[in-house]
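Engineer: Below is one structure. I have some questions about it.
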Amino acid sequence: MRSNRRFGFNPSHLAPFQVGEIALQPGHMSCWHEVSITDKHCGPVHLAVARPVGSDEYWSVVSDEAAELKTLEEYGLRFDIEENFLDDKSNGFQ
């Protein structure tokens, strides 16, 4: 699942906060394991957060698998495939 910067999560050892409050330098990532998400404390889940180089945007992925660099690589590939499919659907298959 993709999330935005205002997405809230709850590490067991800290007070709840939002993904956008994680201080990341461009090109860095942070992984959070066995956290709960939303005000309903759903989980445990794993969270991977990254800030791409040259962007103020954050990428965050919630997964049922342990979060690591591979999590973001797989998500990026899936996102590219989805984007290309939508382009083909709207432009090539009218």
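Convention: chains lettered A, B, ... in structure tokens order; per-chain residue numbering from 1; ligands numbered from 1 as shown.
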Which neighbours of Pro11 of chain A fall inside 10 Å, counting only C-alpha atoms, when residues of the same chain fewer than 6 positions from it are skipped, and could you give them as a list in words?

Structural biologist: Phe17, Trp32, His33, Glu34, Val35, Ser36, Ile37 and Pro44 of chain A

Engineer: Quick one: write out the picked residues with C-alpha atoms as a CSV table (one decimal), in the first residue's frame?

Structural biologist:
```csv
chain,number,residue,atom,x,y,z
A,17,PHE,CA,3.5,10.5,14.3
A,32,TRP,CA,10.1,0.6,10.5
A,33,HIS,CA,9.2,-2.9,11.6
A,34,GLU,CA,6.1,-4.2,13.4
A,35,VAL,CA,4.3,-0.8,13.7
A,36,SER,CA,0.6,-0.2,13.8
A,37,ILE,CA,-1.0,2.3,11.4
A,44,PRO,CA,1.6,-5.1,12.9
```

Engineer: Name all residues at most 12 Å from segment 52-64 of chain A (count only C-alpha atoms; drop same-chain ones fewer than 4 positions away) and give them as an MDAnalysis selection string.

Structural biologist: chainID A and resid 1:9 18:38 42:48 68:76 78:79

Engineer: Write out the residues from the selection above, keeping C-alpha atoms, as a PDB file, in the first residue's frame.

Structural biologist:
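again-v6.pdb, written as the output of this step:
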```pdb
ATOM      1  CA  MET A   1       0.000   0.000   0.000  1.00  0.00           C
ATOM      2  CA  ARG A   2       1.226   3.475  -0.866  1.00  0.00           C
ATOM      3  CA  SER A   3       0.783   6.311   1.629  1.00  0.00           C
ATOM      4  CA  ASN A   4       1.260  10.072   1.743  1.00  0.00           C
ATOM      5  CA  ARG A   5       3.267  12.288   4.119  1.00  0.00           C
ATOM      6  CA  ARG A   6       0.311  12.738   6.477  1.00  0.00           C
ATOM      7  CA  PHE A   7      -0.105   8.998   6.929  1.00  0.00           C
ATOM      8  CA  GLY A   8       0.042   8.233  10.651  1.00  0.00           C
ATOM      9  CA  PHE A   9       1.800   5.296  12.225  1.00  0.00           C
ATOM     10  CA  GLN A  18       3.234  11.036  10.538  1.00  0.00           C
ATOM     11  CA  VAL A  19       5.492   9.746   7.773  1.00  0.00           C
ATOM     12  CA  GLY A  20       6.350  13.328   6.751  1.00  0.00           C
ATOM     13  CA  GLU A  21       7.839  13.944  10.192  1.00  0.00           C
ATOM     14  CA  ILE A  22      10.658  11.468   9.535  1.00  0.00           C
ATOM     15  CA  ALA A  23      13.753  13.553   8.810  1.00  0.00           C
ATOM     16  CA  LEU A  24      15.364  12.084   5.701  1.00  0.00           C
ATOM     17  CA  GLN A  25      18.068  13.521   3.503  1.00  0.00           C
ATOM     18  CA  PRO A  26      17.550  13.081  -0.264  1.00  0.00           C
ATOM     19  CA  GLY A  27      18.685   9.612  -1.321  1.00  0.00           C
ATOM     20  CA  HIS A  28      18.094   8.040   2.106  1.00  0.00           C
ATOM     21  CA  MET A  29      15.526   5.625   3.481  1.00  0.00           C
ATOM     22  CA  SER A  30      14.207   4.456   6.823  1.00  0.00           C
ATOM     23  CA  CYS A  31      12.516   1.160   7.687  1.00  0.00           C
ATOM     24  CA  TRP A  32      10.110   0.632  10.550  1.00  0.00           C
ATOM     25  CA  HIS A  33       9.180  -2.887  11.578  1.00  0.00           C
ATOM     26  CA  GLU A  34       6.087  -4.151  13.384  1.00  0.00           C
ATOM     27  CA  VAL A  35       4.306  -0.811  13.696  1.00  0.00           C
ATOM     28  CA  SER A  36       0.591  -0.156  13.755  1.00  0.00           C
ATOM     29  CA  ILE A  37      -1.046   2.261  11.359  1.00  0.00           C
ATOM     30  CA  THR A  38      -3.951   4.699  11.446  1.00  0.00           C
ATOM     31  CA  CYS A  42      -4.025  -1.797  12.475  1.00  0.00           C
ATOM     32  CA  GLY A  43      -1.040  -4.080  12.344  1.00  0.00           C
ATOM     33  CA  PRO A  44       1.576  -5.084  12.949  1.00  0.00           C
ATOM     34  CA  VAL A  45       2.902  -4.036   9.535  1.00  0.00           C
ATOM     35  CA  HIS A  46       6.237  -2.877   8.154  1.00  0.00           C
ATOM     36  CA  LEU A  47       6.913   0.569   6.716  1.00  0.00           C
ATOM     37  CA  ALA A  48       9.619   1.665   4.255  1.00  0.00           C
ATOM     38  CA  GLU A  68      14.139  -3.171   3.276  1.00  0.00           C
ATOM     39  CA  LEU A  69      15.655  -1.592   0.174  1.00  0.00           C
ATOM     40  CA  LYS A  70      14.142  -4.399  -1.913  1.00  0.00           C
ATOM     41  CA  THR A  71      10.665  -3.257  -0.784  1.00  0.00           C
ATOM     42  CA  LEU A  72      11.122   0.129  -2.461  1.00  0.00           C
ATOM     43  CA  GLU A  73      12.785  -1.356  -5.551  1.00  0.00           C
ATOM     44  CA  GLU A  74       9.842  -3.739  -6.075  1.00  0.00           C
ATOM     45  CA  TYR A  75       7.340  -0.961  -5.492  1.00  0.00           C
ATOM     46  CA  GLY A  76       9.131   1.309  -7.991  1.00  0.00           C
ATOM     47  CA  ARG A  78       5.336  -2.104  -9.932  1.00  0.00           C
ATOM     48  CA  PHE A  79       4.588   1.621 -10.167  1.00  0.00           C
TER      49      PHE A  79
END
```
